[in-house]
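Enquirer: Could you have a look at this structure, given as structure tokens, before my questions?
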There are 6 protein chains.
Amino acid sequence: MDRPPPLPPAHTWAPLLEAALAEDLRSGDVTSELVIDASATGSGRIEARQPLVVCGLELAAAAFVHVDPGVHFDPLRRAGERAAPGEVLARMHGPLRGILAAERTALNFLGRMCGVATQTARYVDAVSGTGARILDTRKTLPGWRALDKHAVAAGGGENHRFALDDAVLLKDNHVHAAGGVGLAVKTALAGAPSHLQVQVEVESLEDARAAVEAGADALLLDNQTPEQVRQIVDALGDRVSLEASGGITLDNVRAFAEAGAQRISIGALTHSAPCADVALELEDDAAGGVRA
Amino acid sequence: MDRPPPLPPAHTWAPLLEAALAEDLRSGDVTSELVIDASATGSGRIEARQPLVVCGLELAAAAFVHVDPGVHFDPLRRAGERAAPGEVLARMHGPLRGILAAERTALNFLGRMCGVATQTARYVDAVSGTGARILDTRKTLPGWRALDKHAVAAGGGENHRFALDDAVLLKDNHVHAAGGVGLAVKTALAGAPSHLQVQVEVESLEDARAAVEAGADALLLDNQTPEQVRQIVDALGDRVSLEASGGITLDNVRAFAEAGAQRISIGALTHSAPCADVALELEDDAAGGVRA
Amino acid sequence: MDRPPPLPPAHTWAPLLEAALAEDLRSGDVTSELVIDASATGSGRIEARQPLVVCGLELAAAAFVHVDPGVHFDPLRRAGERAAPGEVLARMHGPLRGILAAERTALNFLGRMCGVATQTARYVDAVSGTGARILDTRKTLPGWRALDKHAVAAGGGENHRFALDDAVLLKDNHVHAAGGVGLAVKTALAGAPSHLQVQVEVESLEDARAAVEAGADALLLDNQTPEQVRQIVDALGDRVSLEASGGITLDNVRAFAEAGAQRISIGALTHSAPCADVALELEDDAAGGVRA
Amino acid sequence: MDRPPPLPPAHTWAPLLEAALAEDLRSGDVTSELVIDASATGSGRIEARQPLVVCGLELAAAAFVHVDPGVHFDPLRRAGERAAPGEVLARMHGPLRGILAAERTALNFLGRMCGVATQTARYVDAVSGTGARILDTRKTLPGWRALDKHAVAAGGGENHRFALDDAVLLKDNHVHAAGGVGLAVKTALAGAPSHLQVQVEVESLEDARAAVEAGADALLLDNQTPEQVRQIVDALGDRVSLEASGGITLDNVRAFAEAGAQRISIGALTHSAPCADVALELEDDAAGGVRA
Amino acid sequence: MDRPPPLPPAHTWAPLLEAALAEDLRSGDVTSELVIDASATGSGRIEARQPLVVCGLELAAAAFVHVDPGVHFDPLRRAGERAAPGEVLARMHGPLRGILAAERTALNFLGRMCGVATQTARYVDAVSGTGARILDTRKTLPGWRALDKHAVAAGGGENHRFALDDAVLLKDNHVHAAGGVGLAVKTALAGAPSHLQVQVEVESLEDARAAVEAGADALLLDNQTPEQVRQIVDALGDRVSLEASGGITLDNVRAFAEAGAQRISIGALTHSAPCADVALELEDDAAGGVRA
Amino acid sequence: MDRPPPLPPAHTWAPLLEAALAEDLRSGDVTSELVIDASATGSGRIEARQPLVVCGLELAAAAFVHVDPGVHFDPLRRAGERAAPGEVLARMHGPLRGILAAERTALNFLGRMCGVATQTARYVDAVSGTGARILDTRKTLPGWRALDKHAVAAGGGENHRFALDDAVLLKDNHVHAAGGVGLAVKTALAGAPSHLQVQVEVESLEDARAAVEAGADALLLDNQTPEQVRQIVDALGDRVSLEASGGITLDNVRAFAEAGAQRISIGALTHSAPCADVALELEDDAAGGVRA
């Protein structure tokens, strides 16, 4: 990735950050208040404990600063970069109580976001050289849409529609209600604002042809085998944008790419990404200490 | 599990539900608005697609009702129950546009919550018969503390402290700042409100003894081998509550339990639980349809 | 209009409604509390006082019900319908204090929304028969995006992109930064998610050609005369979607439509629509009265 | 106007500003992110494109700074001042992406607020020399009460009551419920907190007399002709404050003022003010550009 | 009091109620969840434990219903009524867990609101027959302005200005800044919206005269003795509204009333009112119980 | 008190502060805007007017800074310190309008918080030398839980459980539902998370014995005489933590302490604490003044 994907606007994640800090801090960090002096300061570093794709350092920074504006946080890596185990991702210095109070929330954000980016990169790597793009879905964690999509972009994936309103995507229920693929596409094209793409889910070459005849901008090939995908690509690949989805894993994703799917969307990028292992280590220079 | 764990109060999850619906619906479900009549109604069922522990049907219900109060949602299973692939977890009936608009958000909640409950149950099953309890940690998804803890309880786990303020837990940094395990415990006991438990992290038998001498209510045995755990249990198990944590997997959790750890806390219950596979199927009775 | 446009989801307007009621009611309606009995009830009707296109009755209804759930509100017309002066748009019955406390807020919403719909219909009528579509812009009232767009749809207009994220629209500053029309379009196409349309603003036939060559999905012809529009339509109208904008009034809009502009976007639909004249009349059956 | 009217406290407009930015930015400004470098900076100026009364530059400033705190915004004029076409109202410098992302929202606020101030000034000018004051009403845009009232003050108008609770205003329905003008006034005076003015709507000289006899502090002469106003002024003008309202336009407002109305309230100041034409021009010094 | 004062609009207290329930319930009522069955129901009554003036039953009701909509709450007394020790103020029936979870919050509201009403009534009783009115001040509990003012009204007091914006009240610092009482009043009258009363604080007869000459609507006699009040009343009582404030207690309030003060404002009505003693008793019909 | 208790995290009080300022300022401080120049500055000091325990200066500071970030506020005393009448608690300097607009809200917070701290200190002083701790209850002012608990700590008291979820406290209704003290305790111990203390309310020595036998961590001796408390202390004081509550006043609190109660909880610390008398005095250096 040449450049880091832009962090989404703060209004998309600031309420989540505030909720996360509030649910963890509640009435205060009683442990630190008992044994750490209010005036104690310290330094720390955030390290990768596994190979990962970096994402979310801005959220970690915001967590520390939100708890105590006196914490100084230096990110050392940018979203989208790869880090090896042991690499330092960020350094911080400031009031020790503040650092300890925000630590868990900061790491929870970072572990999740690096986790999604890293999971995405595994799929992107798997189709390397085929020209296929790896896309996310709307199967993001509730409340996390913007951050999950950002992490997918950091991992080298492409963002599918953000919400229900920025593209028309006719799924099986819509096709059924409209009376068939062709009718569904025509109805949508007639009524949709002209800047919205009209995509339709198809499960056979016949339906794919009908969709293209009706004017669909893109097809979603749902739960097809790579062989079925190839048939549709061969027949229609030069007339319409094609996306494969459903039942795609790290083991078979390359087969879909090689079958000619230009875009491959995968729910597991966001709904089942394991947390990446990151940790905060305090330096030995901490000043302050027991209140006794 | 005899009884379902109580759903946490609505104020702990309603803002997350509203945010999740807003981020997915935004200005509206353009696709359904184009091809589904406003007056069309339909029925649907939510099915398990894998063996799972049920959790989160109240959230799914709330998602549908929030989008359209005319949707009637019948949960058929209770939190904590096990379901086989193909089992129907809930049925619903009502305005088709509303059902389709809330579908993804409802399933995203349900998949996450069943996923955490199911992940927890795997660990609980693994220590079956040993008397050990499986506990969660504060490594929950930001914004999800209450729901993640609820899902752990549904899976048969025990909830560790909810936040930083409902127990004193002296970790290595606190011990270091206080000048040693004994001093840390004594300082905490002297200053803490008397209703709060004082637990301390120890990494050796020697420290464990010092903690017990100082009056600690509980010990956290961090990153110990089952053998090390057994030594501490043998020496101090009748004098203090013991909890093992760190480096515990499905493969080794039983060894820790058999070593005598009364409580075993595991971050992966919540930070890396795969989404459970659940799906919504519409019945054939849908009335309404294409707007053309 | 065959069917009423769907009201946007409540999360897009409920905070505005609550803010509007709060800013008008504040600590209470002292006047009514002084002279109207708490138990007094009454009936009222909302009338058009000018020819108008109906829009916003749901907001009026919500205002009354929010102030007093005991108010029963019956809308008699649907969004998008035309009403003559004197026509009754809705009837209500319920606690008199509640009706009077919500009256101004309800009418302020209704007047604004009918005003925008009516303004839009004037432009739609002006291009009648030409096949041209009238579009809104992002020049909506701050906080009113969803309601203003809904009112435009009620008036027969088409909604342009809702926000900055649901289409790429390269304006002069973007073109300048990118080093020209062609380069801007190519850069955008290379990086944009594939479901997003790429539109570019052009001010000459030459630029229009460059944009089409580069693969633009749509052109925005800004501040062109009808004659200039016709030239571009003649040259490129079969290869790209064309939208005219800038300097368009009720007096000249038909000239643009007849010049072949398929889409005509007009800021004045929303930034300068006069309020429509609507009024609430109480019926003579009011029961209750002076508190003396 | 000697001094600018004070901007209302931030709590009255900050939520509206945040909502306005959120509804326009949503998940981000995809266009600028594609073709403008994150590090690009630029300068711009806001110009009047018509004769106008300045109002709302603080809101424009807040929009830019909210999107990017690195934008430096210099207002050059103060609320209430008049500007000619072409005059520069403000200059800014800073990150180009931030300037472009906030541009539309900033201009939407400014156009509305200058529009209301300018509309007010037209009426104030029309009664110049008569001693009459031009007042607003509660017919403000929902959610905009504080900003609309501020813009009226900037235009030289006087603010009528802000909300339902800061003055008693007995309208026809209240008079009807109370059993007549005199009874309504007496009931109100007996029960109202003593710091609240009691005003009553009257439609005849006879009612006006009754109101004054009963002790009303002020009369609202609703839908009267200038001649009718004059009669009431002649009879009661030295005993009570008089306000005319209803059916007043730029064409007849002076007649009302010359008839002796001390205060003239006009809904159109806020419910139908056309947007003022203001624009942002970028300077040629922009640094940065295409990401390719 | 003939009629109960109207409860202020919900937007003035609903956020406080929600905050109060959230801060007490947090993640749930663990005690009841352990020993009370989810299906257990019960009945309860709220009793006065001291002589008191009733106020706040609507808040208590809202607390129970907010926690569990299945709780049925019957208020038996109205705001402003007096109750003797042992009198039942309300009855309720419903889910036992819900009743117990909301109990403390409901009683905390009720104790505070009855406390303020009862405190007010003591002062109102003390001036009985003199014609003087007892007023509150802005010394209300932060966040409680609307409820505190409502409780004062329930206790028979009159509400002074609600906030800084619904009357002009020139205090010593304003007078000092303006260059004297007369100048302050004249400046205020010249600039204030005509519906706002102009009151000024005076500390001598001389200043009182100057204020009246300048046209003040009302005087605030601050920290005067009853004798000083009487002097000003004798000199100016027929020309201006007079309010005494400062240093007024239950012991001396009647002396101020008898000295002719028409209005007497007292901060202690709200800033130091003791909580009224109210309690919830469960009936013996509770069904359900231990979960064991 | 050696060290000041830590101020609770901002999320626990910032919404209350914002609500308090909004309810007092509403559309602005009309009085100051009329007679104080926007550019006027001044200095002030906050003084104690009675002997008090300091608490809440951070809230006062936040109020001034929230209204005008240009106000510089210097606290001179720390929470928990005692101040004599006339002592200066803080000094400030900055824009005069801002100081006056925030004054009342700042003092309202400070008077309440010093009031609770001072009330607590009276009880703490009364048991001086006995070793007994004074505790608060959940009878805090709705919305004020965190600040009230902080003020109790500043006054030298100990904080009882913050909310319903951080300890099990079996009251009479729970005991009744569970079928007796022993059964209630056993049920709770079996089901409660192990980090939560289990306390039970008892009203006789017999019940106290049953509770201890069942394994209760602590007893709540409700409405017992000092003599009854002594009996239970003598019998069980070395086996369980004992807390007395109910009917405890400044007059009898020492008797309870001398009877051996280790912890004494008192609702009146927070539900009936009189406001402490604090005042803001402006210095003579104010610059600026009348707008005339």
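Each chain of the structure tokens is named A, B, ... in the order shown, its residues numbered from 1; ligands are numbered from 1 in display order.
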Do me a favour and pick out the residues of chain B within 12 Å of chain E, using only C-alpha atoms, as a PDB file with N, CA and C atoms, in the first residue's frame.

Expert:
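Saved the output as result-v3.pdb:
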```
ATOM      1  N   ASP B   2     -28.997 -23.761  34.466  1.00  0.00           N
ATOM      2  CA  ASP B   2     -30.389 -23.886  34.874  1.00  0.00           C
ATOM      3  C   ASP B   2     -31.258 -22.758  34.328  1.00  0.00           C
ATOM      4  N   ARG B   3     -30.781 -21.565  34.529  1.00  0.00           N
ATOM      5  CA  ARG B   3     -31.602 -20.409  34.157  1.00  0.00           C
ATOM      6  C   ARG B   3     -30.786 -19.496  33.261  1.00  0.00           C
ATOM      7  N   PRO B   4     -31.479 -18.761  32.380  1.00  0.00           N
ATOM      8  CA  PRO B   4     -30.727 -17.835  31.526  1.00  0.00           C
ATOM      9  C   PRO B   4     -30.171 -16.690  32.365  1.00  0.00           C
ATOM     10  N   PRO B   5     -28.974 -16.233  32.087  1.00  0.00           N
ATOM     11  CA  PRO B   5     -28.465 -15.050  32.782  1.00  0.00           C
ATOM     12  C   PRO B   5     -29.308 -13.849  32.384  1.00  0.00           C
ATOM     13  N   PRO B   6     -29.539 -12.946  33.324  1.00  0.00           N
ATOM     14  CA  PRO B   6     -30.386 -11.790  32.982  1.00  0.00           C
ATOM     15  C   PRO B   6     -29.704 -10.879  31.969  1.00  0.00           C
ATOM     16  N   LEU B   7     -30.470 -10.427  30.993  1.00  0.00           N
ATOM     17  CA  LEU B   7     -29.954  -9.438  30.045  1.00  0.00           C
ATOM     18  C   LEU B   7     -29.578  -8.178  30.824  1.00  0.00           C
ATOM     19  N   PRO B   8     -28.438  -7.584  30.532  1.00  0.00           N
ATOM     20  CA  PRO B   8     -28.103  -6.341  31.243  1.00  0.00           C
ATOM     21  C   PRO B   8     -29.120  -5.234  30.938  1.00  0.00           C
ATOM     22  N   PRO B   9     -29.184  -4.221  31.809  1.00  0.00           N
ATOM     23  CA  PRO B   9     -30.160  -3.138  31.601  1.00  0.00           C
ATOM     24  C   PRO B   9     -29.994  -2.476  30.230  1.00  0.00           C
ATOM     25  N   ALA B  10     -31.098  -2.009  29.701  1.00  0.00           N
ATOM     26  CA  ALA B  10     -31.097  -1.445  28.341  1.00  0.00           C
ATOM     27  C   ALA B  10     -30.121  -0.292  28.178  1.00  0.00           C
ATOM     28  N   HIS B  11     -29.892   0.480  29.232  1.00  0.00           N
ATOM     29  CA  HIS B  11     -28.985   1.623  29.057  1.00  0.00           C
ATOM     30  C   HIS B  11     -27.579   1.162  28.712  1.00  0.00           C
ATOM     31  N   THR B  12     -27.247  -0.096  28.960  1.00  0.00           N
ATOM     32  CA  THR B  12     -25.897  -0.576  28.625  1.00  0.00           C
ATOM     33  C   THR B  12     -25.762  -0.978  27.161  1.00  0.00           C
ATOM     34  N   TRP B  13     -26.875  -1.190  26.479  1.00  0.00           N
ATOM     35  CA  TRP B  13     -26.745  -1.612  25.074  1.00  0.00           C
ATOM     36  C   TRP B  13     -27.612  -0.817  24.093  1.00  0.00           C
ATOM     37  N   TRP B 144     -18.707  -2.873  23.956  1.00  0.00           N
ATOM     38  CA  TRP B 144     -19.457  -4.119  24.076  1.00  0.00           C
ATOM     39  C   TRP B 144     -19.335  -4.766  25.460  1.00  0.00           C
ATOM     40  N   ARG B 145     -18.796  -4.081  26.443  1.00  0.00           N
ATOM     41  CA  ARG B 145     -18.518  -4.718  27.730  1.00  0.00           C
ATOM     42  C   ARG B 145     -19.725  -5.489  28.284  1.00  0.00           C
ATOM     43  N   ALA B 146     -20.873  -4.832  28.351  1.00  0.00           N
ATOM     44  CA  ALA B 146     -22.031  -5.483  28.985  1.00  0.00           C
ATOM     45  C   ALA B 146     -22.510  -6.684  28.169  1.00  0.00           C
ATOM     46  N   LEU B 147     -22.551  -6.527  26.850  1.00  0.00           N
ATOM     47  CA  LEU B 147     -23.043  -7.638  26.020  1.00  0.00           C
ATOM     48  C   LEU B 147     -22.039  -8.783  25.978  1.00  0.00           C
ATOM     49  N   ASP B 148     -20.766  -8.480  25.906  1.00  0.00           N
ATOM     50  CA  ASP B 148     -19.761  -9.543  25.909  1.00  0.00           C
ATOM     51  C   ASP B 148     -19.801 -10.325  27.225  1.00  0.00           C
ATOM     52  N   LYS B 149     -19.923  -9.614  28.341  1.00  0.00           N
ATOM     53  CA  LYS B 149     -19.984 -10.294  29.651  1.00  0.00           C
ATOM     54  C   LYS B 149     -21.253 -11.157  29.739  1.00  0.00           C
ATOM     55  N   HIS B 150     -22.335 -10.629  29.205  1.00  0.00           N
ATOM     56  CA  HIS B 150     -23.580 -11.399  29.194  1.00  0.00           C
ATOM     57  C   HIS B 150     -23.416 -12.673  28.373  1.00  0.00           C
ATOM     58  N   ASN B 159     -18.409 -14.104  35.308  1.00  0.00           N
ATOM     59  CA  ASN B 159     -17.918 -12.769  34.990  1.00  0.00           C
ATOM     60  C   ASN B 159     -16.896 -12.289  36.010  1.00  0.00           C
ATOM     61  N   ARG B 161     -14.360  -9.036  37.221  1.00  0.00           N
ATOM     62  CA  ARG B 161     -14.828  -7.663  37.500  1.00  0.00           C
ATOM     63  C   ARG B 161     -15.277  -6.995  36.199  1.00  0.00           C
ATOM     64  N   PHE B 162     -16.331  -6.199  36.296  1.00  0.00           N
ATOM     65  CA  PHE B 162     -16.920  -5.560  35.133  1.00  0.00           C
ATOM     66  C   PHE B 162     -16.057  -4.395  34.654  1.00  0.00           C
ATOM     67  N   ALA B 163     -15.485  -3.688  35.590  1.00  0.00           N
ATOM     68  CA  ALA B 163     -14.742  -2.473  35.248  1.00  0.00           C
ATOM     69  C   ALA B 163     -13.629  -2.270  36.255  1.00  0.00           C
ATOM     70  N   ASP B 165     -13.428  -0.376  38.627  1.00  0.00           N
ATOM     71  CA  ASP B 165     -13.793   0.110  39.956  1.00  0.00           C
ATOM     72  C   ASP B 165     -14.486  -0.906  40.852  1.00  0.00           C
ATOM     73  N   ASP B 166     -14.674  -2.135  40.399  1.00  0.00           N
ATOM     74  CA  ASP B 166     -15.423  -3.032  41.294  1.00  0.00           C
ATOM     75  C   ASP B 166     -14.575  -4.154  41.897  1.00  0.00           C
TER      76      ASP B 166
END
```

Enquirer: Considering only C-alpha atoms, return as a VMD selection string whatever protein or nucleic-acid residues lie within 8 Å of F:Leu76, sequence-local ones (same chain, fewer than 5 positions apart) excluded.

Expert: chain F and resid 88 to 91

Enquirer: Next, write the just-selected residues to a file, as a JSON list (two decimals), in the first residue's frame, keeping N, CA, C and O atoms as the atom set.

Expert:
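Contents of the output file out22.json:
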```json
[["chain", "number", "residue", "atom", "x", "y", "z"],
["F", 88, "VAL", "N", -9.78, 32.50, 51.35],
["F", 88, "VAL", "CA", -9.95, 32.51, 49.89],
["F", 88, "VAL", "C", -9.65, 31.10, 49.36],
["F", 88, "VAL", "O", -8.59, 30.55, 49.61],
["F", 89, "LEU", "N", -10.61, 30.55, 48.62],
["F", 89, "LEU", "CA", -10.48, 29.18, 48.12],
["F", 89, "LEU", "C", -9.90, 29.14, 46.70],
["F", 89, "LEU", "O", -9.30, 28.15, 46.29],
["F", 90, "ALA", "N", -10.14, 30.22, 45.96],
["F", 90, "ALA", "CA", -9.67, 30.25, 44.58],
["F", 90, "ALA", "C", -9.68, 31.68, 44.08],
["F", 90, "ALA", "O", -10.40, 32.54, 44.62],
["F", 91, "ARG", "N", -8.86, 31.92, 43.08],
["F", 91, "ARG", "CA", -8.87, 33.23, 42.41],
["F", 91, "ARG", "C", -9.05, 33.01, 40.92],
["F", 91, "ARG", "O", -8.69, 31.96, 40.39]]
```

Enquirer: When you look at B:Thr130 with a cut-off of 12 Å (counting only C-alpha atoms), what residues show up, excluding the ones that are within fewer than 2 positions of it in the same chain? I need them as a ChimeraX atom specification.

Expert: /B:124-128,132-134,253-264

Enquirer: Restricting the output to N, CA and C atoms, write the selected residues as an mmCIF file, in the first residue's frame.

Expert:
```cif
data_model
loop_
_atom_site.group_PDB
_atom_site.id
_atom_site.type_symbol
_atom_site.label_atom_id
_atom_site.label_comp_id
_atom_site.auth_asym_id
_atom_site.auth_seq_id
_atom_site.Cartn_x
_atom_site.Cartn_y
_atom_site.Cartn_z
ATOM 1 N N VAL B 124 -15.675 -24.158 28.890
ATOM 2 C CA VAL B 124 -16.395 -24.716 30.042
ATOM 3 C C VAL B 124 -16.487 -26.234 29.896
ATOM 4 N N ASP B 125 -16.804 -26.670 28.693
ATOM 5 C CA ASP B 125 -16.870 -28.122 28.458
ATOM 6 C C ASP B 125 -15.508 -28.775 28.714
ATOM 7 N N ALA B 126 -14.473 -28.077 28.341
ATOM 8 C CA ALA B 126 -13.139 -28.655 28.441
ATOM 9 C C ALA B 126 -12.717 -28.913 29.881
ATOM 10 N N VAL B 127 -13.264 -28.169 30.827
ATOM 11 C CA VAL B 127 -12.882 -28.366 32.233
ATOM 12 C C VAL B 127 -13.992 -29.076 33.008
ATOM 13 N N SER B 128 -14.930 -29.599 32.286
ATOM 14 C CA SER B 128 -16.092 -30.244 32.907
ATOM 15 C C SER B 128 -15.676 -31.274 33.956
ATOM 16 N N ALA B 132 -13.462 -26.330 38.180
ATOM 17 C CA ALA B 132 -12.891 -25.026 37.835
ATOM 18 C C ALA B 132 -13.928 -24.165 37.116
ATOM 19 N N ARG B 133 -13.828 -22.866 37.356
ATOM 20 C CA ARG B 133 -14.711 -21.921 36.664
ATOM 21 C C ARG B 133 -13.933 -21.208 35.554
ATOM 22 N N ILE B 134 -14.599 -20.977 34.434
ATOM 23 C CA ILE B 134 -14.001 -20.223 33.325
ATOM 24 C C ILE B 134 -14.455 -18.772 33.449
ATOM 25 N N VAL B 253 -6.257 -25.958 28.763
ATOM 26 C CA VAL B 253 -7.072 -25.430 29.863
ATOM 27 C C VAL B 253 -7.396 -26.506 30.903
ATOM 28 N N ARG B 254 -7.594 -27.726 30.428
ATOM 29 C CA ARG B 254 -7.936 -28.782 31.396
ATOM 30 C C ARG B 254 -6.753 -29.086 32.332
ATOM 31 N N ALA B 255 -5.556 -28.956 31.788
ATOM 32 C CA ALA B 255 -4.379 -29.181 32.631
ATOM 33 C C ALA B 255 -4.342 -28.164 33.778
ATOM 34 N N PHE B 256 -4.705 -26.935 33.479
ATOM 35 C CA PHE B 256 -4.744 -25.920 34.539
ATOM 36 C C PHE B 256 -5.829 -26.250 35.562
ATOM 37 N N ALA B 257 -6.952 -26.680 35.054
ATOM 38 C CA ALA B 257 -8.045 -27.010 35.968
ATOM 39 C C ALA B 257 -7.643 -28.186 36.858
ATOM 40 N N GLU B 258 -7.019 -29.172 36.269
ATOM 41 C CA GLU B 258 -6.624 -30.345 37.062
ATOM 42 C C GLU B 258 -5.481 -30.022 38.011
ATOM 43 N N ALA B 259 -4.765 -28.955 37.710
ATOM 44 C CA ALA B 259 -3.701 -28.526 38.617
ATOM 45 C C ALA B 259 -4.275 -27.828 39.839
ATOM 46 N N GLY B 260 -5.579 -27.573 39.819
ATOM 47 C CA GLY B 260 -6.211 -27.007 41.005
ATOM 48 C C GLY B 260 -6.616 -25.552 40.899
ATOM 49 N N ALA B 261 -6.426 -24.951 39.737
ATOM 50 C CA ALA B 261 -6.858 -23.563 39.587
ATOM 51 C C ALA B 261 -8.382 -23.507 39.729
ATOM 52 N N GLN B 262 -8.832 -22.750 40.689
ATOM 53 C CA GLN B 262 -10.280 -22.674 40.894
ATOM 54 C C GLN B 262 -10.946 -21.817 39.819
ATOM 55 N N ARG B 263 -10.216 -20.807 39.380
ATOM 56 C CA ARG B 263 -10.757 -19.890 38.384
ATOM 57 C C ARG B 263 -9.715 -19.718 37.284
ATOM 58 N N ILE B 264 -10.171 -19.736 36.054
ATOM 59 C CA ILE B 264 -9.265 -19.612 34.913
ATOM 60 C C ILE B 264 -9.829 -18.531 34.001
#
```

Enquirer: Could you list, as a PyMOL selection string, every residue within 8 Å of E:Glu158, counting only C-alpha atoms and ignoring same-chain residues fewer than 2 positions away?

Expert: (chain D and resi 193) or (chain E and resi 133-136+152-153+156+160)

Enquirer: Run DSSP on the backbone and tell me which residues of stretch 126-204 of chain C come out as helix (DSSP H, G or I); list them as a ChimeraX atom specification.

Expert: /C:126,145-154,172-178,181-191
